[in-house]
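upload-v9.cif follows; it contains mmCIF, C-alpha atoms.
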```cif
data_coords
loop_
_atom_site.label_atom_id
_atom_site.label_comp_id
_atom_site.auth_asym_id
_atom_site.auth_seq_id
_atom_site.Cartn_x
_atom_site.Cartn_y
_atom_site.Cartn_z
CA MET A 1040 100.58 125.31 96.05
CA LEU A 1041 102.36 127.92 93.96
CA LYS A 1042 103.17 131.31 95.42
CA ARG A 1043 100.85 134.25 94.70
CA PHE A 1044 102.93 137.33 93.93
CA SER A 1045 101.71 140.90 94.19
CA ILE A 1046 103.96 143.86 93.38
CA PHE A 1047 107.59 142.89 92.99
CA THR A 1048 110.74 144.62 94.03
CA VAL A 1049 113.22 144.16 91.26
CA VAL A 1050 116.92 143.60 91.61
CA LEU A 1051 118.69 143.66 88.26
CA ALA A 1052 122.08 142.02 87.94
CA ILE A 1053 123.51 143.27 84.67
CA LEU A 1054 126.21 140.94 83.41
CA VAL A 1055 127.06 142.72 80.18
CA VAL A 1056 125.30 146.09 80.14
CA PRO A 1057 127.34 148.29 82.51
CA SER A 1058 124.50 150.61 83.53
CA MET A 1059 120.73 150.80 83.72
CA LEU A 1060 120.90 154.35 82.38
CA LEU A 1061 119.60 153.83 78.88
CA ALA A 1062 121.33 155.66 76.06
CA ALA A 1063 120.76 155.22 72.33
CA ASP A 1064 120.35 151.68 71.04
CA LYS A 1065 119.91 149.64 74.20
CA LEU A 1066 117.39 147.03 75.31
CA VAL A 1067 116.70 145.82 78.83
CA PRO A 1068 113.85 144.39 80.92
CA GLY A 1069 112.11 147.17 82.84
CA ALA A 1070 112.56 147.80 86.53
CA GLN A 1071 108.83 147.81 87.27
CA VAL A 1072 107.45 144.28 87.33
CA THR A 1073 103.78 143.71 88.15
CA ALA A 1074 101.83 140.62 89.10
CA GLY A 1075 98.59 139.27 87.72
CA GLU A 1076 96.31 136.39 88.50
CA SER A 1077 97.25 132.69 88.42
CA ASN A 1078 100.87 133.27 89.44
CA THR A 1079 101.71 135.46 86.46
CA VAL A 1080 104.15 138.35 86.32
CA THR A 1081 104.58 140.93 83.57
CA ILE A 1082 108.02 142.24 82.69
CA PRO A 1083 108.14 145.22 80.30
CA LEU A 1084 110.89 145.24 77.68
CA ILE A 1085 112.39 148.73 77.55
CA ALA A 1086 114.06 149.98 74.37
CA ALA A 1087 116.19 153.08 73.88
CA ASN A 1088 116.82 154.17 70.29
CA GLU A 1089 117.94 156.95 68.02
CA ASP A 1090 115.52 158.80 65.75
CA GLY A 1091 113.89 156.97 62.83
CA LEU A 1092 113.92 153.34 63.98
CA MET A 1093 111.90 151.31 61.45
CA ALA A 1094 112.25 147.68 62.59
CA MET A 1095 113.43 145.49 65.46
CA ASP A 1096 114.36 141.81 65.60
CA ILE A 1097 114.42 140.64 69.23
CA PRO A 1098 115.24 136.96 69.91
CA LEU A 1099 115.39 136.17 73.64
CA ARG A 1100 115.96 133.18 75.90
CA PHE A 1101 114.55 132.85 79.41
CA SER A 1102 115.33 130.67 82.41
CA GLU A 1103 113.64 127.48 83.63
CA GLY A 1104 110.68 127.22 85.97
CA VAL A 1105 108.45 129.64 84.07
CA THR A 1106 106.19 129.61 81.02
CA LEU A 1107 105.93 132.61 78.72
CA ARG A 1108 102.15 132.86 78.33
CA GLU A 1109 102.01 135.82 75.99
CA VAL A 1110 103.75 138.89 74.62
CA ASN A 1111 101.49 141.90 74.30
CA PHE A 1112 102.06 145.44 73.08
CA ASP A 1113 99.53 147.31 75.21
CA ASN A 1114 100.56 150.87 76.11
CA THR A 1115 103.90 150.58 74.35
CA ARG A 1116 105.82 152.89 72.03
CA VAL A 1117 105.19 150.54 69.10
CA SER A 1118 101.42 150.20 69.49
CA TYR A 1119 100.91 151.91 66.09
CA PHE A 1120 103.35 149.64 64.20
CA ASP A 1121 101.88 147.59 61.33
CA LEU A 1122 103.71 144.43 62.37
CA LYS A 1123 103.92 143.29 65.99
CA VAL A 1124 104.47 139.54 66.30
CA ALA A 1125 105.91 137.13 68.85
CA LYS A 1126 106.81 133.49 68.28
CA ILE A 1127 107.02 131.69 71.62
CA ASP A 1128 108.67 128.28 72.05
CA ASN A 1129 108.45 127.25 75.70
CA SER A 1130 110.10 123.89 74.97
CA LYS A 1131 113.28 125.78 74.07
CA ARG A 1132 112.53 128.71 76.42
CA THR A 1133 112.80 131.21 73.58
CA VAL A 1134 110.75 133.98 72.02
CA ILE A 1135 111.27 135.92 68.80
CA ILE A 1136 109.68 139.38 68.73
CA GLY A 1137 109.39 141.11 65.37
CA LEU A 1138 108.45 144.77 65.02
CA VAL A 1139 108.11 146.70 61.74
CA THR A 1140 106.73 150.21 61.39
CA GLN A 1141 105.04 149.80 58.00
CA ILE A 1142 104.01 146.85 55.83
CA THR A 1143 100.74 148.31 54.50
CA PRO A 1144 100.25 151.17 51.99
CA GLU A 1145 99.28 153.57 54.78
CA ALA A 1146 102.27 155.74 55.65
CA LYS A 1147 103.56 155.28 59.19
CA GLU A 1148 106.15 157.39 60.97
CA ASN A 1149 109.30 155.62 62.12
CA LEU A 1150 109.94 155.49 65.86
CA LYS A 1151 111.33 158.74 67.26
CA ALA A 1152 114.33 158.87 69.54
CA GLY A 1153 113.53 158.03 73.13
CA GLU A 1154 113.11 155.20 75.59
CA GLY A 1155 110.17 153.20 76.87
CA PRO A 1156 108.42 149.83 76.65
CA VAL A 1157 108.10 148.07 73.29
CA ALA A 1158 106.64 144.77 74.56
CA ASN A 1159 105.30 143.17 77.74
CA LEU A 1160 106.43 139.63 78.60
CA VAL A 1161 103.78 137.77 80.63
CA PHE A 1162 105.30 134.82 82.53
CA GLU A 1163 103.57 132.16 84.59
CA ILE A 1164 105.55 130.86 87.57
CA ASN A 1165 105.41 127.04 87.32
CA ASP A 1166 107.92 126.17 90.05
CA GLU A 1167 107.33 127.54 93.57
CA SER A 1168 111.07 127.52 94.21
CA VAL A 1169 111.68 130.07 91.42
CA ASN A 1170 112.68 133.43 92.86
CA GLU A 1171 114.18 135.03 89.77
CA ILE A 1172 113.87 135.10 85.99
CA THR A 1173 116.87 135.48 83.71
CA ILE A 1174 116.38 136.95 80.23
CA GLU A 1175 119.16 137.09 77.67
CA ALA A 1176 119.61 137.97 74.03
CA THR A 1177 120.29 135.00 71.79
CA THR A 1178 120.97 134.10 68.15
CA MET A 1179 118.89 131.61 66.21
CA LYS A 1180 119.39 129.72 62.96
CA ASP A 1181 117.09 128.48 60.21
CA PRO A 1182 115.75 131.10 59.92
CA HIS A 1183 118.39 133.42 61.27
CA HIS A 1184 117.47 135.86 64.03
CA SER A 1185 119.74 138.10 66.10
CA LEU A 1186 119.15 141.20 68.17
CA VAL A 1187 119.05 144.05 65.64
CA TYR A 1188 117.65 147.55 65.19
CA VAL A 1189 117.10 148.70 61.59
CA TYR A 1190 117.37 152.35 60.54
CA PRO A 1191 116.85 153.94 57.10
CA ARG A 1192 119.86 156.13 56.31
CA ARG A 1193 121.00 158.34 53.44
CA GLU A 1194 124.63 159.35 53.15
CA ASN A 1195 126.04 161.97 50.77
CA GLY A 1196 122.88 162.08 48.72
CA GLU A 1197 123.05 158.38 47.94
CA ARG A 1198 120.05 156.10 47.73
CA LEU A 1199 118.26 154.98 50.86
CA ALA A 1200 119.92 152.10 52.70
CA HIS A 1201 118.82 149.99 55.65
CA VAL A 1202 121.47 150.11 58.36
CA LYS A 1203 121.51 147.37 61.00
CA VAL A 1204 122.64 148.27 64.52
CA ARG A 1205 123.14 145.83 67.38
CA PRO A 1206 121.76 147.38 70.58
CA GLU A 1207 123.42 146.73 73.92
CA PHE A 1208 121.75 143.93 75.87
CA GLY A 1209 123.36 141.25 77.94
CA SER A 1210 121.98 138.76 80.41
CA THR A 1211 119.62 140.29 82.97
CA THR A 1212 118.35 138.58 86.11
CA VAL A 1213 115.08 139.84 87.59
CA SER A 1214 114.77 138.92 91.27
CA LEU A 1215 111.20 138.40 92.47
CA ALA A 1216 111.22 139.63 96.05
CA GLY A 1217 107.46 139.47 96.62
CA THR A 1218 105.37 138.03 99.43
CA GLU A 1219 101.93 136.51 99.56
CA GLY A 1220 98.98 138.84 99.92
CA ASP A 1221 98.67 142.52 99.08
CA ASN A 1222 101.77 144.68 98.92
CA LEU A 1223 100.39 148.21 98.91
CA PRO A 1224 102.47 151.35 98.37
CA GLU A 1225 103.82 152.80 101.61
CA ALA A 1226 103.57 156.41 100.43
CA PHE A 1227 101.69 158.57 97.95
CA GLY A 1228 103.58 159.19 94.72
CA LEU A 1229 103.28 160.33 91.12
CA ARG A 1230 105.66 158.61 88.72
CA GLN A 1231 107.30 159.95 85.58
CA ASN A 1232 105.29 159.08 82.51
CA TYR A 1233 106.63 156.50 80.04
CA PRO A 1234 107.61 156.71 77.31
CA ASN A 1235 108.79 160.30 77.49
CA PRO A 1236 108.98 161.98 74.99
CA PHE A 1237 105.99 160.15 73.52
CA ASN A 1238 103.85 159.85 70.39
CA PRO A 1239 100.94 159.32 70.40
CA SER A 1240 100.24 157.89 73.87
CA THR A 1241 101.93 157.65 77.24
CA VAL A 1242 101.28 155.97 80.59
CA ILE A 1243 101.09 157.87 83.88
CA GLU A 1244 101.23 155.86 87.11
CA PHE A 1245 100.55 156.91 90.68
CA ASP A 1246 100.72 155.22 94.10
CA LEU A 1247 97.96 155.37 96.72
CA PRO A 1248 98.70 153.95 100.18
CA ALA A 1249 94.98 154.31 101.03
CA PRO A 1250 91.74 154.83 99.07
CA ALA A 1251 91.18 158.42 97.93
CA HIS A 1252 89.31 160.61 95.47
CA VAL A 1253 91.76 161.19 92.64
CA LYS A 1254 91.77 163.93 90.04
CA LEU A 1255 94.42 163.65 87.31
CA THR A 1256 94.61 166.49 84.79
CA VAL A 1257 96.84 167.64 81.93
CA PHE A 1258 97.78 171.30 81.38
CA ASN A 1259 99.70 173.15 78.67
CA LEU A 1260 102.47 175.72 79.20
CA LEU A 1261 99.87 178.51 79.50
CA GLY A 1262 98.24 176.75 82.42
CA GLN A 1263 95.17 175.84 80.38
CA GLN A 1264 93.57 172.48 81.17
CA VAL A 1265 93.86 170.12 78.20
CA ARG A 1266 92.33 166.93 79.54
CA THR A 1267 90.90 165.43 82.71
CA LEU A 1268 92.20 161.86 82.76
CA LEU A 1269 90.65 160.78 86.04
CA ASN A 1270 88.18 162.21 88.55
CA GLU A 1271 86.84 159.46 90.79
CA GLU A 1272 87.31 157.39 93.92
CA MET A 1273 90.26 155.00 93.62
CA PRO A 1274 91.34 152.08 95.83
CA ALA A 1275 94.78 151.80 97.40
CA GLY A 1276 97.46 150.48 95.05
CA THR A 1277 99.49 151.45 92.00
CA HIS A 1278 97.34 152.67 89.13
CA PRO A 1279 98.32 153.25 85.46
CA VAL A 1280 96.43 155.81 83.33
CA THR A 1281 96.96 156.22 79.58
CA TRP A 1282 96.78 159.58 77.80
CA ASP A 1283 96.39 159.60 74.03
CA GLY A 1284 97.84 162.96 73.09
CA THR A 1285 96.60 162.99 69.51
CA SER A 1286 93.35 164.78 70.38
CA SER A 1287 91.41 166.37 73.19
CA SER A 1288 87.65 166.99 73.08
CA GLY A 1289 87.74 166.65 69.32
CA ARG A 1290 90.54 169.21 68.94
CA SER A 1291 94.07 168.47 67.84
CA VAL A 1292 96.79 168.63 70.49
CA SER A 1293 100.07 170.06 69.23
CA SER A 1294 103.58 168.92 70.00
CA GLY A 1295 105.19 170.48 73.04
CA VAL A 1296 105.63 170.40 76.78
CA TYR A 1297 102.69 169.52 79.02
CA PHE A 1298 102.21 169.12 82.76
CA TYR A 1299 100.19 166.45 84.51
CA ARG A 1300 98.88 167.08 88.03
CA ILE A 1301 97.36 164.73 90.54
CA GLU A 1302 95.17 165.69 93.49
CA ALA A 1303 94.44 162.92 95.99
CA GLY A 1304 93.13 164.00 99.37
CA ASP A 1305 95.67 166.48 100.74
CA ASN A 1306 98.32 165.37 98.25
CA VAL A 1307 99.10 167.39 95.12
CA MET A 1308 101.96 166.65 92.72
CA THR A 1309 102.88 167.86 89.22
CA LYS A 1310 105.32 166.51 86.63
CA LYS A 1311 106.36 167.48 83.11
CA MET A 1312 106.13 165.47 79.88
CA MET A 1313 106.73 166.09 76.17
CA LEU A 1314 104.60 165.19 73.15
CA LEU A 1315 106.51 164.88 69.85
CA LYS A 1316 104.62 164.40 66.60
#
```
Encoded form (structure tokens):
Amino acid sequence: MLKRFSIFTVVLAILVVPSMLLAADKLVPGAQVTAGESNTVTIPLIAANEDGLMAMDIPLRFSEGVTLREVNFDNTRVSYFDLKVAKIDNSKRTVIIGLVTQITPEAKENLKAGEGPVANLVFEINDESVNEITIEATTMKDPHHSLVYVYPRRENGERLAHVKVRPEFGSTTVSLAGTEGDNLPEAFGLRQNYPNPFNPSTVIEFDLPAPAHVKLTVFNLLGQQVRTLLNEEMPAGTHPVTWDGTSSSGRSVSSGVYFYRIEAGDNVMTKKMMLLK
């Protein structure tokens, strides 16, 4: 019987990328890997980019013993993109992810500078002996695909050109150090939102070692409450909450610095985030 994984501790062995500190134009599997039902694990793909990114071509290869069930774009920085596609070939253990800001007449803003998830890779563990997944960038032919970011650039008043940049990404091994059964957080915690800065939405996660009544609120720099994201009893575990910063109670929310605060039992924590429109 295959192993049932809960929350995974991730050990990343970077063979080409020298550091996990993302700068401009890098791509790497995220450090927070979560488990689902039927022996599935989700690995977020984290991108760092300069301002104005308009397209991404991401061909990847993954190791044996797993099946890539789907690629989704839930709660990612590219959720508003016109084109978000993934071509999966499990026989070759490859996937091609294509992302384009605009292909319809409706104007879309190119991706601002920052870092955060652009896709979620959902793997099923087929072999109970598998204890790690390796993901690497690859190049494909007929048609040609290679890891590329595309930026629109103007130089010296010349006409608009599409500049291709190859982001840093080597071979990354994700070690699955999970055990059967529940693996609950050992301590209360409020995590930094991602992406940050963000537009239009961001994800806030918190850890509960035991059930508690949780109130999660957003405030502006004046201390005025902008939104109550959560105010209810929550079970123990790690919980993600999404804030869409485009509006609040029917009113527009402007760009700027905001604070999010969590109250859970006797625990209170506050962190800062930035909305850029």
Go through A:His1201, A:Phe1120, A:Ser1294, A:Leu1247 and flag the residue nearest A:Ala1146, using only C-alpha atoms for the distances. A:Phe1120
Explicit residue set for the PyMOL selection byres ((chain A and resi 1257) around 6), as a PyMOL selection string: chain A and resi 1256+1258+1264-1266+1298-1299
Skipping near chain neighbours, those fewer than 4 positions away, what residues fall within 12 Å of A:Thr1309 using all atoms listed in the file, listed as a VMD selection string? chain A and resid 1228 to 1232 1243 1245 1254 to 1258 1297 to 1303
Keeping only C-alpha atoms, write the selected residues as an mmCIF file, keeping the file's coordinate frame.
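File produced: selection.cif:
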```cif
data_model
loop_
_atom_site.group_PDB
_atom_site.id
_atom_site.type_symbol
_atom_site.label_atom_id
_atom_site.label_comp_id
_atom_site.auth_asym_id
_atom_site.auth_seq_id
_atom_site.Cartn_x
_atom_site.Cartn_y
_atom_site.Cartn_z
ATOM 1 C CA GLY A 1228 103.580 159.190 94.720
ATOM 2 C CA LEU A 1229 103.280 160.330 91.120
ATOM 3 C CA ARG A 1230 105.660 158.610 88.720
ATOM 4 C CA GLN A 1231 107.300 159.950 85.580
ATOM 5 C CA ASN A 1232 105.290 159.080 82.510
ATOM 6 C CA ILE A 1243 101.090 157.870 83.880
ATOM 7 C CA PHE A 1245 100.550 156.910 90.680
ATOM 8 C CA LYS A 1254 91.770 163.930 90.040
ATOM 9 C CA LEU A 1255 94.420 163.650 87.310
ATOM 10 C CA THR A 1256 94.610 166.490 84.790
ATOM 11 C CA VAL A 1257 96.840 167.640 81.930
ATOM 12 C CA PHE A 1258 97.780 171.300 81.380
ATOM 13 C CA TYR A 1297 102.690 169.520 79.020
ATOM 14 C CA PHE A 1298 102.210 169.120 82.760
ATOM 15 C CA TYR A 1299 100.190 166.450 84.510
ATOM 16 C CA ARG A 1300 98.880 167.080 88.030
ATOM 17 C CA ILE A 1301 97.360 164.730 90.540
ATOM 18 C CA GLU A 1302 95.170 165.690 93.490
ATOM 19 C CA ALA A 1303 94.440 162.920 95.990
#
```
So, counting only C-alpha atoms, which residue among A:Leu1066, A:Ile1136, A:Val1117, A:Met1093 is closest to A:Ser1240?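 Among A:Leu1066, A:Ile1136, A:Val1117, A:Met1093, it is A:Val1117 that comes nearest to A:Ser1240.
Take atom CA of A:Ala1087 and atom CA of A:Thr1133: the distance between them is 22.1 Å.
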